Structures are given as structure tokens and as C-alpha cells.
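Contents: one structure, followed by commentary.
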There are 2 protein chains.
Amino acid sequence: MPKIVDHDQRRAELADAALDIIAKDGIKALTLRAVAEAAGWSTGVVNHYFSSHHDLLVGALRGAAETQGRMFKQLRHDASLTPLERLGQLIESVLPLDDRRIAMTRIFLVFYAEAAANPAAREEIVDYLANWRRVVRRVVAECQEAGQVPADADTTKLAAELVALSDGLAMHAMLDEQVLDGVTADGHITLQLAGESWRLAAR
Amino acid sequence: MPKIVDHDQRRAELADAALDIIAKDGIKALTLRAVAEAAGWSTGVVNHYFSSHHDLLVGALRGAAETQGRMFKQLRHDASLTPLERLGQLIESVLPLDDRRIAMTRIFLVFYAEAAANPAAREEIVDYLANWRRVVRRVVAECQEAGQVPADADTTKLAAELVALSDGLAMHAMLDEQVLDGVTADGHITLQLAGESWRLAAR
């Protein structure tokens, strides 16, 4: 019986391999050949799923966005955490604290830069950011219900700022590790900006 | 008598022309020929100052960083503003609210993406961000002296977060104009995150 190929799964595997390469050696190291070697397939197979360097980048971006989307969803519904802990986890989930998140920050940066000139990339990024803000807004609203965020705060604005702050910190930390030192001291994400009531606990 | 050429000034003019092109048509429109046409020189002259596309990008980046550095300095010493107004102006000075700032955000994005793989670009960006944080930290300390920021706040952390927030907002606003709508309502920069005491007035 011929082996049945799960194309979605293989595509996801190759996208993961692409992310690993970006994490370890940067965007410029991402080639069809490098992905083939890392995933244990021929370049012909890789080429079947991703026909160019740009295709590979888009595949890796989508893979990163899907992984991140699943993580947002999981955190959003984790009943073992208080709303404020969930918020802390949401912020921490995008900071470049391990290889996966370093790769994610790198690839998003590339697409942010590209999005200005490429409407397809722009649409993808805009949707991703809108979803991220939506998830954060819901958790901020839960914090508000729990009395951990002022009752009169504008949750939509707060979410947009928290997402901008998280993303800005991620990008600056990619370039200068010292940026993270202050934010992640003592195993906590502490945001001075948001004051003491906002001490965001990490697990 | 032969005309004396001010090389620094001509280089700065060409870098400005490069920024104009990036603002209007994006990074991909930046070519030696386009700069030559915009500045009214031959491509040979442009080539004398910037020998490649990458050189042009670096020139434009330095031009943008210098302009922004002068603006930081000027705001920092503007005695007609309260410390909190100065802080508001510092934040507003990087948001993509006009062509110059749109070009600046675009070009910084390109170099953020490149910095991961290019140590020279990285060093330049890291220095720029460190200077930006230093300027903001000084103004935050002045706000603290004036009682507009809590006395026990960590000004270094606060500055790092404000700079990350400003930069994150700038990048997200480049991609999605709605992001700016909430922040710049009523001619003010209002940061929900920082609470009512932080209502940052624009001029």
C-alpha cells in the first residue's frame, strides 16, 4: 500500500525547520537546501511545498503565527491562572527568551519591513496584530472584572498599548539583551509603566 | 575660482533625498538613479558619495538618526514646555504622523530586520536606541522632580518601556492606521497604560 502523505503536516514540519534555521543562523541562512538538510528531505520535496526563498519565509511566518495563535488561545483559557497572570504570560510569550521566540521576533521583523511595500504581507501582519490585540483586550477586561485594572480604563486602548509595548520590547531585546534584564527580573514580568498594581506574574 | 564643494552638506542633501523617496514610494523605490533625479545631480555624483543601494540605505539611516537626535536635543532643552509636555513631544516625535516620520519608521524597520545578521547595522541601531532611552530617562527624571511621576519609580526601566512602547506604536501604526487613532485623539498623546497622571500634552 503506498504511504499516504499528510501534506499539511509535512508543510508544517518544513516550516518548523525553517524557523529553527532562522533562530540559529538568521534569515540569510534560510535556503531550500538548508531546510531540506534540517528536515531530512531532498530539496525537490521542499521545492514542492515552497518554491522560492520568499515562499519559505511566508511559510515560516504562517507557522510562527499559528503556533503563537494556539499559545494565545491556550493561555486565554488556562483556568489555573488569574487574569493578571494570564496577561503576564501573554506578554512573556512574545519576548525573545528562547530559540522559538527569537526566531519569531526575527521573522516578524522581516515582514514588518516588507509589509510597507507588499500588500499581501501587510494584510497577513495586520490580521495577526489585530488578533493579538483582541486576545489581550479580552484578558484585560477579565482583569478589570477582577478589580486588577481600573474600572474606567479603556480596554481597547490598553490592549493596543500593551501589544505595542510587548512587541517593542521584543524587538529592542533582539538587538540589545540588556533591554530584557530590567523587565524579567526575579522571574517576573514587571512593567514600571503600569505601576505596582500591574505586577505581572510569570509561572 | 573653482567652486568649493561642501561634501558633508552634499552627502546630507542626498541622504535627505533618499528619505523623501522612502517616505513616498517605499524602500524598494530607493535607487541611485532615483536619488540623482530627486536631488538634481547625475548618478555619477551620487555614486561618489554612495556606491551601492546598501550604502544609500545606511546614509539615509544616519541622516534620519541625526535629524532625530537633533530633535531629541532640542525638545530636551525647550524651556517653554513642562517636563511632561517634553515627554509627550519626545513620544510624538517618533510616531509616523507625517512623511518624515513615516520614512524614519520604514528605514528603522529595515535596519532592525538587518541588524540580526549584520553587526555594523546592529551597533548603529543599538547606539541609537541607547541614546533615545537616555534622553527619555532624563526627561522622566525631570517629571519625577516635578512630582508628575511617582517618586519611587525606576526611571531607567520606565524609559526603556516608554521607548519600546513608542517604537512599537510607530511600527504598528505604519501597518494599521487605526492604531494611532486612539493614541492621538484630541491633539493629545494619551497613554492609557500610564494612567491619568500621564496625560501627555502635545503642543
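A note on labels: chains of the C-alpha cells are A, B, ... as shown, every chain counts residues from 1, and ligands are counted from 1 in their shown order.
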Sorted by chain and rising residue number, list the residues of chain A at most 9 Å from chain B (counting only C-alpha atoms), each with its closest atom pair and distance in Å to one decimal, as a Markdown table.
```
| residue | atom | partner | partner_atom | distance |
| --- | --- | --- | --- | --- |
| A:Asp25 | CA | B:Ala117 | CA | 8.1 |
| A:Gly26 | CA | B:Ala117 | CA | 6.1 |
| A:Ile27 | CA | B:Ala117 | CA | 7.5 |
| A:Lys28 | CA | B:Ala117 | CA | 7.3 |
| A:Arg106 | CA | B:Ala113 | CA | 6.7 |
| A:Ile107 | CA | B:Ala113 | CA | 8.2 |
| A:Phe108 | CA | B:Ala113 | CA | 8.6 |
| A:Leu109 | CA | B:Ala113 | CA | 5.2 |
| A:Val110 | CA | B:Ala113 | CA | 5.2 |
| A:Phe111 | CA | B:Ala113 | CA | 8.6 |
| A:Tyr112 | CA | B:Leu109 | CA | 7.0 |
| A:Ala113 | CA | B:Val110 | CA | 5.2 |
| A:Glu114 | CA | B:Val110 | CA | 8.1 |
| A:Ala115 | CA | B:Leu175 | CA | 7.2 |
| A:Ala116 | CA | B:Gly26 | CA | 6.8 |
| A:Ala117 | CA | B:Gly26 | CA | 6.1 |
| A:Arg122 | CA | B:Leu175 | CA | 6.6 |
| A:Glu123 | CA | B:Leu175 | CA | 8.7 |
| A:Ile125 | CA | B:Leu175 | CA | 7.9 |
| A:Val126 | CA | B:Asp176 | CA | 6.5 |
| A:Leu129 | CA | B:His172 | CA | 8.0 |
| A:Ala153 | CA | B:Gln192 | CA | 7.0 |
| A:Asp154 | CA | B:Gln192 | CA | 7.1 |
| A:Thr155 | CA | B:Gln192 | CA | 8.7 |
| A:Thr156 | CA | B:Gly182 | CA | 8.6 |
| A:Lys157 | CA | B:Gly182 | CA | 6.2 |
| A:Leu158 | CA | B:Gln192 | CA | 5.6 |
| A:Ala159 | CA | B:Leu193 | CA | 8.9 |
| A:Ala160 | CA | B:Val179 | CA | 7.0 |
| A:Glu161 | CA | B:Leu193 | CA | 6.8 |
| A:Leu162 | CA | B:Leu193 | CA | 7.5 |
| A:Val163 | CA | B:Gly168 | CA | 7.9 |
| A:Ala164 | CA | B:Gly168 | CA | 4.3 |
| A:Leu165 | CA | B:Leu165 | CA | 4.1 |
| A:Ser166 | CA | B:Leu165 | CA | 7.7 |
| A:Asp167 | CA | B:Gly168 | CA | 5.8 |
| A:Gly168 | CA | B:Gly168 | CA | 4.2 |
| A:Leu169 | CA | B:Ala164 | CA | 5.1 |
| A:Ala170 | CA | B:Ala164 | CA | 8.5 |
| A:Met171 | CA | B:Tyr112 | CA | 7.7 |
| A:His172 | CA | B:Ala164 | CA | 7.0 |
| A:Met174 | CA | B:Ala116 | CA | 7.6 |
| A:Leu175 | CA | B:Val126 | CA | 6.5 |
| A:Asp176 | CA | B:Val126 | CA | 6.5 |
| A:Val179 | CA | B:Ala160 | CA | 7.0 |
| A:Gly182 | CA | B:Lys157 | CA | 6.2 |
| A:Val183 | CA | B:Lys157 | CA | 7.5 |
| A:Leu191 | CA | B:Glu161 | CA | 7.5 |
| A:Gln192 | CA | B:Leu158 | CA | 5.6 |
| A:Leu193 | CA | B:Ala194 | CA | 5.6 |
| A:Ala194 | CA | B:Leu193 | CA | 5.5 |
| A:Gly195 | CA | B:Ala194 | CA | 7.7 |
```
Would you list the contacts of Arg10 of chain B as an mmCIF file with N, CA, C and O atoms, in the first residue's frame, taking every protein, DNA or RNA residue within 10 Å and counting only C-alpha atoms, but skipping same-chain residues closer than 4 positions in sequence?
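Final output, saved to selection01.cif:
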```cif
data_model
loop_
_atom_site.group_PDB
_atom_site.id
_atom_site.type_symbol
_atom_site.label_atom_id
_atom_site.label_comp_id
_atom_site.auth_asym_id
_atom_site.auth_seq_id
_atom_site.Cartn_x
_atom_site.Cartn_y
_atom_site.Cartn_z
ATOM 1 N N VAL B 5 33.269 72.533 -2.874
ATOM 2 C CA VAL B 5 32.155 71.631 -2.587
ATOM 3 C C VAL B 5 32.154 71.269 -1.107
ATOM 4 O O VAL B 5 33.180 70.836 -0.573
ATOM 5 N N ASP B 6 31.054 71.501 -0.450
ATOM 6 C CA ASP B 6 30.918 71.051 0.933
ATOM 7 C C ASP B 6 30.400 69.607 0.890
ATOM 8 O O ASP B 6 29.216 69.362 0.734
ATOM 9 N N LEU B 14 21.807 64.447 -0.236
ATOM 10 C CA LEU B 14 21.481 63.198 -0.924
ATOM 11 C C LEU B 14 20.767 62.229 0.018
ATOM 12 O O LEU B 14 19.824 61.538 -0.376
ATOM 13 N N ALA B 15 21.212 62.193 1.283
ATOM 14 C CA ALA B 15 20.551 61.332 2.267
ATOM 15 C C ALA B 15 19.101 61.783 2.480
ATOM 16 O O ALA B 15 18.186 60.960 2.599
ATOM 17 N N ASP B 16 18.892 63.106 2.490
ATOM 18 C CA ASP B 16 17.529 63.637 2.615
ATOM 19 C C ASP B 16 16.670 63.221 1.431
ATOM 20 O O ASP B 16 15.505 62.857 1.590
ATOM 21 N N ALA B 39 17.541 64.778 -6.425
ATOM 22 C CA ALA B 39 18.455 65.796 -5.905
ATOM 23 C C ALA B 39 18.998 66.713 -7.001
ATOM 24 O O ALA B 39 19.650 67.706 -6.708
ATOM 25 N N VAL B 45 27.613 61.534 -9.619
ATOM 26 C CA VAL B 45 27.825 62.290 -8.381
ATOM 27 C C VAL B 45 27.302 61.495 -7.183
ATOM 28 O O VAL B 45 27.977 61.362 -6.156
ATOM 29 N N VAL B 46 26.083 60.952 -7.328
ATOM 30 C CA VAL B 46 25.509 60.173 -6.226
ATOM 31 C C VAL B 46 26.429 59.007 -5.893
ATOM 32 O O VAL B 46 26.727 58.720 -4.725
ATOM 33 N N TYR B 49 29.294 59.474 -3.536
ATOM 34 C CA TYR B 49 29.002 59.510 -2.100
ATOM 35 C C TYR B 49 28.470 58.175 -1.587
ATOM 36 O O TYR B 49 28.734 57.776 -0.453
#
```
Notebook entry, point to check: Could you pull out the strand (DSSP E or B) residues of chain A from DSSP and send them as a list in words?
Noted result: His188, Ile189, Leu200 and Ala201 of chain A
Go ahead and write the selection's residues with N, CA and C atoms as a JSON list (two decimals), in the first residue's frame.
```
[["chain", "number", "residue", "atom", "x", "y", "z"],
["A", 188, "HIS", "N", 9.78, 37.49, 37.10],
["A", 188, "HIS", "CA", 8.51, 38.19, 36.87],
["A", 188, "HIS", "C", 8.66, 39.15, 35.70],
["A", 189, "ILE", "N", 7.55, 39.35, 35.00],
["A", 189, "ILE", "CA", 7.49, 40.46, 34.06],
["A", 189, "ILE", "C", 6.97, 41.64, 34.86],
["A", 200, "LEU", "N", 3.05, 41.68, 36.82],
["A", 200, "LEU", "CA", 2.54, 40.56, 36.05],
["A", 200, "LEU", "C", 3.35, 39.30, 36.37],
["A", 201, "ALA", "N", 2.71, 38.37, 37.04],
["A", 201, "ALA", "CA", 3.45, 37.19, 37.47],
["A", 201, "ALA", "C", 3.68, 36.21, 36.35]]
```
Next item on the list: Mind giving me the straight-line distance from atom CA of Gln144 of chain B to atom CA of Ser93 of chain B in Å, one decimal?
Entry: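 So the answer is 21.3 Å.
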Notebook entry, point to check: Taking only C-alpha atoms into account, which of A:Leu75, A:Leu95, A:Val35, A:Ala146 comes nearest Ala18 of chain A?
Noted result: A:Val35
Note to self: Just list as a ChimeraX atom specification whatever in segment 69-183 of chain B DSSP marks as helix (DSSP H, G or I).
What the structure shows: /B:69-76,83-92,99-115,119-145,155-175,178-183
Item checked: Long-range neighbours of Val139 of chain B as a ChimeraX atom specification, 8 Å cut-off, only C-alpha atoms, 3 positions minimum in chain -> /B:76,83-84,86-87,135-136,142-143
Next item on the list: Rank nothing, just name the residue among A:Ala120, A:Ala151, A:Ile4, A:Ala23 nearest to Leu97 of chain A, using only C-alpha atoms.
Entry: A:Ala23
Note to self: With distances taken over only C-alpha atoms, which residue among A:Ala121, A:Val149, A:Leu90, A:Ala17 lies nearest Arg70 of chain A?
What the structure shows: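 Nearest to Arg70 of chain A: A:Leu90.
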Margin query: Rounded to one decimal, what separation in Å do you get between atom CA of Glu92 of chain A and atom CA of Asp55 of chain A?
Written below: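 Taking atom CA of Glu92 of chain A and atom CA of Asp55 of chain A, their separation equals 28.8 Å.
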